[in-house]
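The next block is model01.pdb, given as PDB, C-alpha atoms, pLDDT in the B column.
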ATOM      1  CA  MET A   1       7.281   7.801  17.554  1.00 93.00           C
ATOM      2  CA  VAL A   2       4.878   7.648  14.616  1.00 93.00           C
ATOM      3  CA  LEU A   3       7.736   6.901  12.221  1.00 91.00           C
ATOM      4  CA  SER A   4       9.000   4.201  14.569  1.00 93.00           C
ATOM      5  CA  ALA A   5       5.525   2.694  14.842  1.00 93.00           C
ATOM      6  CA  ALA A   6       5.205   2.607  11.045  1.00 92.00           C
ATOM      7  CA  ALA A   7       8.622   0.960  10.702  1.00 91.00           C
ATOM      8  CA  LEU A   8       7.753  -1.618  13.336  1.00 92.00           C
ATOM      9  CA  LEU A   9       4.409  -2.346  11.693  1.00 92.00           C
ATOM     10  CA  ARG A  10       6.219  -2.998   8.396  1.00 88.00           C
ATOM     11  CA  GLU A  11       8.549  -5.536   9.961  1.00 89.00           C
ATOM     12  CA  TYR A  12       6.716  -7.076  12.898  1.00 89.00           C
ATOM     13  CA  GLY A  13       2.997  -6.506  12.420  1.00 86.00           C
ATOM     14  CA  ALA A  14       0.421  -4.752  14.550  1.00 86.00           C
ATOM     15  CA  SER A  15       0.270  -7.103  17.512  1.00 85.00           C
ATOM     16  CA  ALA A  16       4.044  -6.905  18.022  1.00 87.00           C
ATOM     17  CA  THR A  17       4.076  -3.108  17.815  1.00 89.00           C
ATOM     18  CA  SER A  18       3.801  -2.243  21.477  1.00 89.00           C
ATOM     19  CA  ILE A  19       4.368   1.080  23.227  1.00 91.00           C
ATOM     20  CA  ASP A  20       7.543  -0.350  24.791  1.00 92.00           C
ATOM     21  CA  ARG A  21       8.876  -1.420  21.407  1.00 94.00           C
ATOM     22  CA  VAL A  22       8.060   1.976  19.860  1.00 94.00           C
ATOM     23  CA  LEU A  23       9.799   3.762  22.730  1.00 92.00           C
ATOM     24  CA  ALA A  24      12.877   1.560  22.394  1.00 93.00           C
ATOM     25  CA  HIS A  25      12.978   2.083  18.621  1.00 94.00           C
ATOM     26  CA  SER A  26      12.397   5.840  18.752  1.00 92.00           C
ATOM     27  CA  GLY A  27      14.353   6.635  21.902  1.00 91.00           C
ATOM     28  CA  ALA A  28      11.469   8.797  23.122  1.00 89.00           C
ATOM     29  CA  PRO A  29      10.797   9.100  26.849  1.00 89.00           C
ATOM     30  CA  ARG A  30       7.822   7.129  28.169  1.00 86.00           C
ATOM     31  CA  GLY A  31       5.962  10.248  29.332  1.00 85.00           C
ATOM     32  CA  SER A  32       5.901  11.695  25.832  1.00 85.00           C
ATOM     33  CA  VAL A  33       3.789   8.852  24.476  1.00 84.00           C
ATOM     34  CA  TYR A  34       0.941   9.619  26.840  1.00 83.00           C
ATOM     35  CA  HIS A  35       1.320  13.345  26.249  1.00 87.00           C
ATOM     36  CA  HIS A  36       1.199  13.074  22.448  1.00 90.00           C
ATOM     37  CA  PHE A  37      -1.045  10.021  22.230  1.00 91.00           C
ATOM     38  CA  PRO A  38      -3.693  10.185  24.941  1.00 90.00           C
ATOM     39  CA  GLY A  39      -5.490   7.374  23.084  1.00 88.00           C
ATOM     40  CA  GLY A  40      -2.476   5.154  23.776  1.00 87.00           C
ATOM     41  CA  ARG A  41      -1.304   2.382  21.487  1.00 88.00           C
ATOM     42  CA  THR A  42      -4.423   2.487  19.307  1.00 89.00           C
ATOM     43  CA  GLN A  43      -3.984   6.172  18.546  1.00 92.00           C
ATOM     44  CA  LEU A  44      -0.277   5.709  17.870  1.00 92.00           C
ATOM     45  CA  ILE A  45      -0.898   2.846  15.437  1.00 92.00           C
ATOM     46  CA  ASP A  46      -3.747   4.717  13.788  1.00 92.00           C
ATOM     47  CA  GLU A  47      -1.465   7.701  13.196  1.00 93.00           C
ATOM     48  CA  ALA A  48       1.277   5.408  11.894  1.00 94.00           C
ATOM     49  CA  VAL A  49      -1.212   3.915   9.416  1.00 93.00           C
ATOM     50  CA  ALA A  50      -2.203   7.400   8.281  1.00 93.00           C
ATOM     51  CA  LEU A  51       1.434   8.452   7.884  1.00 93.00           C
ATOM     52  CA  ALA A  52       2.414   5.314   5.972  1.00 91.00           C
ATOM     53  CA  GLY A  53      -0.683   5.706   3.820  1.00 91.00           C
ATOM     54  CA  ASP A  54       0.281   9.301   3.044  1.00 92.00           C
ATOM     55  CA  VAL A  55       3.834   8.338   2.116  1.00 89.00           C
ATOM     56  CA  ILE A  56       2.739   5.666  -0.356  1.00 86.00           C
ATOM     57  CA  ALA A  57      -0.105   7.868  -1.626  1.00 87.00           C
ATOM     58  CA  GLY A  58       2.477  10.560  -2.336  1.00 87.00           C
ATOM     59  CA  LEU A  59       4.548   8.078  -4.327  1.00 82.00           C
ATOM     60  CA  ILE A  60       1.463   6.911  -6.215  1.00 80.00           C
ATOM     61  CA  ASP A  61       0.410  10.505  -6.869  1.00 82.00           C
ATOM     62  CA  ALA A  62       3.878  11.351  -8.198  1.00 82.00           C
ATOM     63  CA  ALA A  63       3.850   8.273 -10.429  1.00 74.00           C
ATOM     64  CA  THR A  64       0.345   9.013 -11.696  1.00 73.00           C
ATOM     65  CA  ARG A  65       1.440  12.405 -12.999  1.00 78.00           C
ATOM     66  CA  ALA A  66       3.471  10.537 -15.597  1.00 74.00           C
ATOM     67  CA  ASP A  67       2.351  10.517 -19.191  1.00 79.00           C
ATOM     68  CA  ASP A  68       2.529   6.742 -19.348  1.00 88.00           C
ATOM     69  CA  PRO A  69       0.266   4.894 -16.899  1.00 91.00           C
ATOM     70  CA  VAL A  70       1.937   1.552 -17.609  1.00 93.00           C
ATOM     71  CA  ARG A  71       5.341   2.954 -16.632  1.00 90.00           C
ATOM     72  CA  ALA A  72       3.769   4.521 -13.530  1.00 89.00           C
ATOM     73  CA  VAL A  73       2.409   1.155 -12.385  1.00 92.00           C
ATOM     74  CA  ASP A  74       5.692  -0.540 -13.286  1.00 93.00           C
ATOM     75  CA  ALA A  75       7.439   2.008 -11.042  1.00 89.00           C
ATOM     76  CA  PHE A  76       5.030   1.204  -8.201  1.00 89.00           C
ATOM     77  CA  PHE A  77       5.949  -2.481  -8.421  1.00 94.00           C
ATOM     78  CA  ALA A  78       9.655  -1.561  -8.628  1.00 93.00           C
ATOM     79  CA  LEU A  79       9.322   0.507  -5.447  1.00 90.00           C
ATOM     80  CA  TRP A  80       8.032  -2.510  -3.543  1.00 93.00           C
ATOM     81  CA  ARG A  81      10.682  -4.780  -5.046  1.00 96.00           C
ATOM     82  CA  ASP A  82      13.405  -2.370  -3.905  1.00 95.00           C
ATOM     83  CA  ARG A  83      11.935  -2.139  -0.390  1.00 92.00           C
ATOM     84  CA  LEU A  84      11.789  -5.897  -0.076  1.00 96.00           C
ATOM     85  CA  VAL A  85      15.336  -6.462  -1.276  1.00 97.00           C
ATOM     86  CA  GLU A  86      16.813  -3.592   0.774  1.00 95.00           C
ATOM     87  CA  SER A  87      15.186  -4.937   3.942  1.00 94.00           C
ATOM     88  CA  GLY A  88      16.185  -8.550   3.352  1.00 96.00           C
ATOM     89  CA  PHE A  89      12.480  -9.365   2.837  1.00 96.00           C
ATOM     90  CA  ARG A  90      11.611  -8.129   6.342  1.00 93.00           C
ATOM     91  CA  ALA A  91       9.689  -4.981   5.419  1.00 90.00           C
ATOM     92  CA  GLY A  92       6.173  -5.361   4.148  1.00 90.00           C
ATOM     93  CA  CYS A  93       3.277  -2.966   4.058  1.00 90.00           C
ATOM     94  CA  PRO A  94       2.272  -1.482   7.429  1.00 90.00           C
ATOM     95  CA  ILE A  95      -1.295  -1.082   6.185  1.00 91.00           C
ATOM     96  CA  VAL A  96      -1.573  -4.824   5.507  1.00 91.00           C
ATOM     97  CA  ALA A  97      -0.084  -5.513   8.931  1.00 89.00           C
ATOM     98  CA  VAL A  98      -2.955  -3.646  10.541  1.00 89.00           C
ATOM     99  CA  ALA A  99      -5.640  -4.929   8.162  1.00 89.00           C
ATOM    100  CA  VAL A 100      -4.922  -8.640   8.614  1.00 87.00           C
ATOM    101  CA  GLU A 101      -4.841  -8.681  12.387  1.00 81.00           C
ATOM    102  CA  THR A 102      -8.148  -8.938  14.177  1.00 63.00           C
ATOM    103  CA  ASN A 103      -8.493  -6.164  16.680  1.00 69.00           C
ATOM    104  CA  ASP A 104     -11.902  -6.204  18.276  1.00 71.00           C
ATOM    105  CA  ASP A 105     -10.804  -3.597  20.808  1.00 73.00           C
ATOM    106  CA  ALA A 106      -9.869  -1.086  18.102  1.00 75.00           C
ATOM    107  CA  PRO A 107     -12.052  -1.584  15.006  1.00 83.00           C
ATOM    108  CA  GLN A 108     -11.074   1.888  13.817  1.00 86.00           C
ATOM    109  CA  LEU A 109      -7.677   0.480  12.821  1.00 88.00           C
ATOM    110  CA  ALA A 110      -9.278  -1.750  10.184  1.00 88.00           C
ATOM    111  CA  ARG A 111     -11.344   1.215   8.995  1.00 91.00           C
ATOM    112  CA  SER A 112      -8.173   3.310   8.759  1.00 91.00           C
ATOM    113  CA  ALA A 113      -6.489   0.612   6.684  1.00 92.00           C
ATOM    114  CA  ALA A 114      -9.537   0.406   4.403  1.00 93.00           C
ATOM    115  CA  THR A 115      -9.469   4.180   3.935  1.00 94.00           C
ATOM    116  CA  VAL A 116      -5.797   4.069   2.928  1.00 94.00           C
ATOM    117  CA  PHE A 117      -6.369   1.244   0.444  1.00 95.00           C
ATOM    118  CA  ALA A 118      -9.344   3.118  -1.049  1.00 95.00           C
ATOM    119  CA  ARG A 119      -7.226   6.244  -1.458  1.00 93.00           C
ATOM    120  CA  TRP A 120      -4.501   4.329  -3.295  1.00 93.00           C
ATOM    121  CA  GLN A 121      -7.047   2.590  -5.529  1.00 94.00           C
ATOM    122  CA  GLN A 122      -8.734   5.888  -6.356  1.00 93.00           C
ATOM    123  CA  ALA A 123      -5.439   7.492  -7.379  1.00 91.00           C
ATOM    124  CA  LEU A 124      -4.703   4.609  -9.751  1.00 92.00           C
ATOM    125  CA  ALA A 125      -8.270   4.606 -11.083  1.00 93.00           C
ATOM    126  CA  GLU A 126      -8.067   8.329 -11.850  1.00 90.00           C
ATOM    127  CA  LEU A 127      -4.814   7.770 -13.739  1.00 90.00           C
ATOM    128  CA  LEU A 128      -6.365   5.032 -15.856  1.00 93.00           C
ATOM    129  CA  VAL A 129      -9.508   7.047 -16.549  1.00 92.00           C
ATOM    130  CA  ARG A 130      -7.381  10.008 -17.672  1.00 90.00           C
ATOM    131  CA  HIS A 131      -5.820   7.655 -20.198  1.00 92.00           C
ATOM    132  CA  GLY A 132      -9.075   6.476 -21.708  1.00 92.00           C
ATOM    133  CA  LEU A 133     -10.567   3.737 -19.545  1.00 95.00           C
ATOM    134  CA  THR A 134     -14.118   3.928 -18.303  1.00 95.00           C
ATOM    135  CA  GLU A 135     -14.600   4.831 -14.651  1.00 96.00           C
ATOM    136  CA  GLU A 136     -15.811   1.315 -13.858  1.00 97.00           C
ATOM    137  CA  ARG A 137     -12.817  -0.336 -15.530  1.00 96.00           C
ATOM    138  CA  GLY A 138     -10.442   2.147 -13.925  1.00 95.00           C
ATOM    139  CA  ARG A 139     -11.871   1.399 -10.464  1.00 96.00           C
ATOM    140  CA  ARG A 140     -11.641  -2.347 -10.985  1.00 97.00           C
ATOM    141  CA  LEU A 141      -8.076  -2.175 -12.248  1.00 97.00           C
ATOM    142  CA  GLY A 142      -7.053   0.216  -9.459  1.00 95.00           C
ATOM    143  CA  ALA A 143      -8.343  -2.284  -6.905  1.00 97.00           C
ATOM    144  CA  PHE A 144      -6.730  -5.178  -8.761  1.00 97.00           C
ATOM    145  CA  ILE A 145      -3.328  -3.470  -8.906  1.00 97.00           C
ATOM    146  CA  ILE A 146      -3.326  -2.760  -5.157  1.00 96.00           C
ATOM    147  CA  ALA A 147      -4.493  -6.309  -4.404  1.00 97.00           C
ATOM    148  CA  ALA A 148      -1.826  -7.771  -6.690  1.00 97.00           C
ATOM    149  CA  VAL A 149       0.982  -5.692  -5.193  1.00 96.00           C
ATOM    150  CA  GLU A 150      -0.028  -6.376  -1.599  1.00 95.00           C
ATOM    151  CA  GLY A 151      -0.521 -10.091  -2.176  1.00 96.00           C
ATOM    152  CA  ALA A 152       2.764 -10.360  -4.028  1.00 97.00           C
ATOM    153  CA  VAL A 153       4.628  -8.515  -1.254  1.00 96.00           C
ATOM    154  CA  ILE A 154       3.277 -10.992   1.289  1.00 95.00           C
ATOM    155  CA  MET A 155       4.315 -13.935  -0.886  1.00 97.00           C
ATOM    156  CA  CYS A 156       7.775 -12.427  -1.462  1.00 97.00           C
ATOM    157  CA  ARG A 157       8.325 -12.110   2.271  1.00 96.00           C
ATOM    158  CA  ALA A 158       7.304 -15.725   2.817  1.00 96.00           C
ATOM    159  CA  GLU A 159       9.425 -17.046  -0.062  1.00 97.00           C
ATOM    160  CA  ARG A 160      12.288 -14.573   0.432  1.00 97.00           C
ATOM    161  CA  SER A 161      12.227 -14.007  -3.295  1.00 98.00           C
ATOM    162  CA  THR A 162      11.004 -11.277  -5.627  1.00 98.00           C
ATOM    163  CA  ALA A 163       9.585 -13.880  -8.024  1.00 98.00           C
ATOM    164  CA  PRO A 164       5.914 -13.396  -6.988  1.00 98.00           C
ATOM    165  CA  LEU A 165       6.209  -9.621  -7.372  1.00 98.00           C
ATOM    166  CA  GLU A 166       7.960  -9.950 -10.723  1.00 98.00           C
ATOM    167  CA  ALA A 167       5.216 -12.292 -11.970  1.00 98.00           C
ATOM    168  CA  ALA A 168       2.443  -9.960 -10.788  1.00 98.00           C
ATOM    169  CA  ALA A 169       4.206  -6.944 -12.301  1.00 98.00           C
ATOM    170  CA  ALA A 170       4.583  -8.659 -15.684  1.00 98.00           C
ATOM    171  CA  GLU A 171       0.932  -9.722 -15.793  1.00 97.00           C
ATOM    172  CA  ILE A 172      -0.330  -6.292 -14.716  1.00 97.00           C
ATOM    173  CA  HIS A 173       1.958  -4.670 -17.300  1.00 97.00           C
ATOM    174  CA  ASP A 174       0.489  -6.785 -20.106  1.00 97.00           C
ATOM    175  CA  LEU A 175      -3.056  -6.345 -18.807  1.00 96.00           C
ATOM    176  CA  LEU A 176      -2.698  -2.564 -18.752  1.00 96.00           C
ATOM    177  CA  LEU A 177      -1.181  -2.451 -22.227  1.00 95.00           C
ATOM    178  CA  ASN A 178      -4.148  -4.400 -23.563  1.00 95.00           C
ATOM    179  CA  ALA A 179      -6.760  -2.480 -21.558  1.00 94.00           C
ATOM    180  CA  LEU A 180      -5.414   0.905 -22.585  1.00 92.00           C
ATOM    181  CA  HIS A 181      -5.430  -0.045 -26.260  1.00 87.00           C
ATOM    182  CA  GLN A 182      -9.036  -1.283 -26.237  1.00 79.00           C
ATOM    183  CA  ARG A 183     -11.863   1.083 -27.004  1.00 51.00           C
ATOM    184  CA  PRO A 184     -14.044   1.876 -23.957  1.00 54.00           C
ATOM    185  CA  GLU A 185     -17.159   0.838 -25.923  1.00 50.00           C
ATOM    186  CA  ALA A 186     -15.758  -2.699 -26.167  1.00 46.00           C
ATOM    187  CA  GLU A 187     -15.417  -2.852 -22.370  1.00 48.00           C
ATOM    188  CA  SER A 188     -19.145  -2.395 -21.818  1.00 51.00           C
ATOM    189  CA  ARG A 189     -20.165  -5.309 -24.052  1.00 48.00           C
ATOM    190  CA  PRO A 190     -20.904  -8.646 -22.338  1.00 49.00           C
TER     191      PRO A 190
END
Structure rendered as structure tokens:
Amino acid sequence: MVLSAAALLREYGASATSIDRVLAHSGAPRGSVYHHFPGGRTQLIDEAVALAGDVIAGLIDAATRADDPVRAVDAFFALWRDRLVESGFRAGCPIVAVAVETNDDAPQLARSAATVFARWQQALAELLVRHGLTEERGRRLGAFIIAAVEGAVIMCRAERSTAPLEAAAAEIHDLLLNALHQRPEAESRP
């Protein structure tokens, strides 16, 4: 059910991810949802956000073990490009789906999305710091990379084209090459 909820979030967004839709997608019996998710739809979506966050974090972590941080970030963009194309531009990021929808009844969902984004940013920041950037610059670039990917994925879905993602990937690639070849002392000057 959690996998189904994550898949539905990717394609339809949070508001369209209902218990009925999850049950239909997963084939699970209705009684099992209340047994496994006593918190109902909110708990199910929260767990789907955590699972999706873990999956992408695992991919980021694997990429960040590479010796070349630029190639690791390039691979992250390529992953999203492949997901978009394979899904016919239907599948986006389930974390964004939860983050962009106002949910006054379940504010913990926005907090869960923020936690996932922070985790991804931190993993990228640590990679960049290991390769010579200052902690501040690494944090800023980690946040910028996640923001660029997520924004580009949204634009790609709207345009049904990978062009926005390709443009973001090329700019980030060049930015990282330049940043990694600068001396950290130069970064702290005004």
Counting all atoms listed in the file, which of A:Met1, A:Pro94, A:Asp68, A:Gly53 gets nearest to Arg30 (chain A)? A:Met1
Using only C-alpha atoms, which of the listed residues (A:Ala169, A:Ala163, A:Ala52, A:Leu9) sits closest to Ala72 (chain A)?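 Once distances to Ala72 (chain A) are computed over only C-alpha atoms, the minimum belongs to A:Ala169.
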Looking at all atoms listed in the file, which of A:Val49, A:Asp61, A:Arg157, A:Ala148 is the one that sits closest to Ala114 (chain A)? A:Val49
Translate the PyMOL selection byres ((chain A and resi 98) around 7), as applied to the file shown, into an explicit residue set as a PyMOL selection string. chain A and resi 13-14+94-97+99-101+109-110+113
Can you write just those residues out, C-alpha atoms, as a PDB file, in the frame of the given file?
ATOM      1  CA  GLY A  13       2.997  -6.506  12.420  1.00 86.00           C
ATOM      2  CA  ALA A  14       0.421  -4.752  14.550  1.00 86.00           C
ATOM      3  CA  PRO A  94       2.272  -1.482   7.429  1.00 90.00           C
ATOM      4  CA  ILE A  95      -1.295  -1.082   6.185  1.00 91.00           C
ATOM      5  CA  VAL A  96      -1.573  -4.824   5.507  1.00 91.00           C
ATOM      6  CA  ALA A  97      -0.084  -5.513   8.931  1.00 89.00           C
ATOM      7  CA  ALA A  99      -5.640  -4.929   8.162  1.00 89.00           C
ATOM      8  CA  VAL A 100      -4.922  -8.640   8.614  1.00 87.00           C
ATOM      9  CA  GLU A 101      -4.841  -8.681  12.387  1.00 81.00           C
ATOM     10  CA  LEU A 109      -7.677   0.480  12.821  1.00 88.00           C
ATOM     11  CA  ALA A 110      -9.278  -1.750  10.184  1.00 88.00           C
ATOM     12  CA  ALA A 113      -6.489   0.612   6.684  1.00 92.00           C
TER      13      ALA A 113
END
Give me, please, the distance in Å between CA of Ala167 (chain A) and CA of Ala152 (chain A), quoted to one decimal.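 Separating CA of Ala167 (chain A) from CA of Ala152 (chain A) is a distance of 8.5 Å.
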Pairwise distance for CA of Ile146 (chain A) and CA of Arg41 (chain A), rounded to one decimal in Å: 27.2 Å
Would you mind reading off the distance between CA of Ile145 (chain A) and CA of Glu11 (chain A), one decimal, in Å?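 Between CA of Ile145 (chain A) and CA of Glu11 (chain A) the gap is 22.4 Å.
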Ranking A:Pro107, A:Gly92, A:Pro69, A:Pro164 by minimum distance to Ala125 (chain A) and counting all atoms listed in the file, which one comes first?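 Looking at the shortest contact to Ala125 (chain A), the residue is A:Pro69.
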File output, region 130-165 of chain A (N, CA and C atoms) as a CSV table (one decimal), in the first residue's frame:
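Everything below was put into out.csv:
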chain,number,residue,atom,x,y,z
A,130,ARG,N,33.5,17.2,0.7
A,130,ARG,CA,34.6,16.2,0.6
A,130,ARG,C,35.5,16.5,-0.6
A,131,HIS,N,35.0,17.2,-1.6
A,131,HIS,CA,35.8,17.5,-2.8
A,131,HIS,C,36.3,19.0,-2.8
A,132,GLY,N,36.4,19.6,-1.6
A,132,GLY,CA,37.1,20.8,-1.5
A,132,GLY,C,36.3,22.1,-1.3
A,133,LEU,N,34.9,22.0,-1.4
A,133,LEU,CA,34.2,23.3,-1.2
A,133,LEU,C,34.0,23.5,0.3
A,134,THR,N,33.8,24.8,0.7
A,134,THR,CA,33.5,25.1,2.1
A,134,THR,C,32.1,24.6,2.4
A,135,GLU,N,31.9,24.4,3.7
A,135,GLU,CA,30.6,23.9,4.1
A,135,GLU,C,29.5,24.8,3.7
A,136,GLU,N,29.7,26.1,3.8
A,136,GLU,CA,28.6,27.1,3.4
A,136,GLU,C,28.3,26.9,1.9
A,137,ARG,N,29.4,26.9,1.1
A,137,ARG,CA,29.2,26.7,-0.4
A,137,ARG,C,28.5,25.4,-0.7
A,138,GLY,N,29.0,24.3,0.0
A,138,GLY,CA,28.4,23.0,-0.3
A,138,GLY,C,26.9,23.0,0.1
A,139,ARG,N,26.5,23.6,1.2
A,139,ARG,CA,25.1,23.6,1.6
A,139,ARG,C,24.3,24.4,0.5
A,140,ARG,N,24.8,25.6,0.1
A,140,ARG,CA,24.1,26.4,-0.9
A,140,ARG,C,23.9,25.6,-2.2
A,141,LEU,N,25.0,25.0,-2.7
A,141,LEU,CA,24.9,24.2,-3.9
A,141,LEU,C,24.0,23.0,-3.8
A,142,GLY,N,24.1,22.3,-2.6
A,142,GLY,CA,23.2,21.2,-2.4
A,142,GLY,C,21.7,21.6,-2.5
A,143,ALA,N,21.4,22.7,-1.9
A,143,ALA,CA,20.0,23.2,-2.0
A,143,ALA,C,19.7,23.6,-3.4
A,144,PHE,N,20.6,24.3,-4.1
A,144,PHE,CA,20.4,24.7,-5.4
A,144,PHE,C,20.2,23.6,-6.4
A,145,ILE,N,21.0,22.5,-6.2
A,145,ILE,CA,20.8,21.3,-7.1
A,145,ILE,C,19.4,20.7,-7.0
A,146,ILE,N,19.0,20.5,-5.7
A,146,ILE,CA,17.7,19.9,-5.5
A,146,ILE,C,16.6,20.8,-6.0
A,147,ALA,N,16.7,22.1,-5.8
A,147,ALA,CA,15.7,23.1,-6.3
A,147,ALA,C,15.7,23.1,-7.8
A,148,ALA,N,16.9,23.0,-8.5
A,148,ALA,CA,16.9,23.0,-9.9
A,148,ALA,C,16.3,21.7,-10.5
A,149,VAL,N,16.7,20.6,-9.9
A,149,VAL,CA,16.1,19.3,-10.4
A,149,VAL,C,14.6,19.3,-10.2
A,150,GLU,N,14.1,19.6,-9.1
A,150,GLU,CA,12.7,19.6,-8.8
A,150,GLU,C,11.9,20.6,-9.7
A,151,GLY,N,12.4,21.8,-9.8
A,151,GLY,CA,11.8,22.7,-10.7
A,151,GLY,C,11.8,22.3,-12.2
A,152,ALA,N,12.9,21.7,-12.6
A,152,ALA,CA,13.0,21.3,-14.0
A,152,ALA,C,12.0,20.1,-14.2
A,153,VAL,N,11.9,19.2,-13.2
A,153,VAL,CA,11.0,18.1,-13.4
A,153,VAL,C,9.6,18.6,-13.6
A,154,ILE,N,9.2,19.6,-12.8
A,154,ILE,CA,7.8,20.1,-12.9
A,154,ILE,C,7.6,20.7,-14.3
A,155,MET,N,8.6,21.5,-14.8
A,155,MET,CA,8.5,22.1,-16.1
A,155,MET,C,8.5,21.1,-17.2
A,156,CYS,N,9.3,20.0,-17.1
A,156,CYS,CA,9.3,18.9,-18.1
A,156,CYS,C,7.9,18.3,-18.2
A,157,ARG,N,7.3,18.1,-17.0
A,157,ARG,CA,5.9,17.5,-17.0
A,157,ARG,C,5.0,18.4,-17.8
A,158,ALA,N,5.0,19.7,-17.5
A,158,ALA,CA,4.1,20.6,-18.1
A,158,ALA,C,4.4,20.7,-19.6
A,159,GLU,N,5.6,20.7,-20.0
A,159,GLU,CA,6.0,20.9,-21.4
A,159,GLU,C,6.0,19.6,-22.2
A,160,ARG,N,6.0,18.5,-21.4
A,160,ARG,CA,6.2,17.2,-22.0
A,160,ARG,C,7.5,17.1,-22.9
A,161,SER,N,8.5,17.6,-22.3
A,161,SER,CA,9.8,17.7,-22.9
A,161,SER,C,10.9,17.6,-21.9
A,162,THR,N,12.1,17.1,-22.2
A,162,THR,CA,13.2,17.0,-21.3
A,162,THR,C,14.0,18.3,-21.4
A,163,ALA,N,13.7,19.2,-22.2
A,163,ALA,CA,14.5,20.4,-22.4
A,163,ALA,C,14.8,21.2,-21.1
A,164,PRO,N,13.8,21.4,-20.3
A,164,PRO,CA,14.1,22.2,-19.0
A,164,PRO,C,15.1,21.4,-18.2
A,165,LEU,N,15.0,20.1,-18.1
A,165,LEU,CA,15.9,19.3,-17.3
A,165,LEU,C,17.3,19.3,-17.9
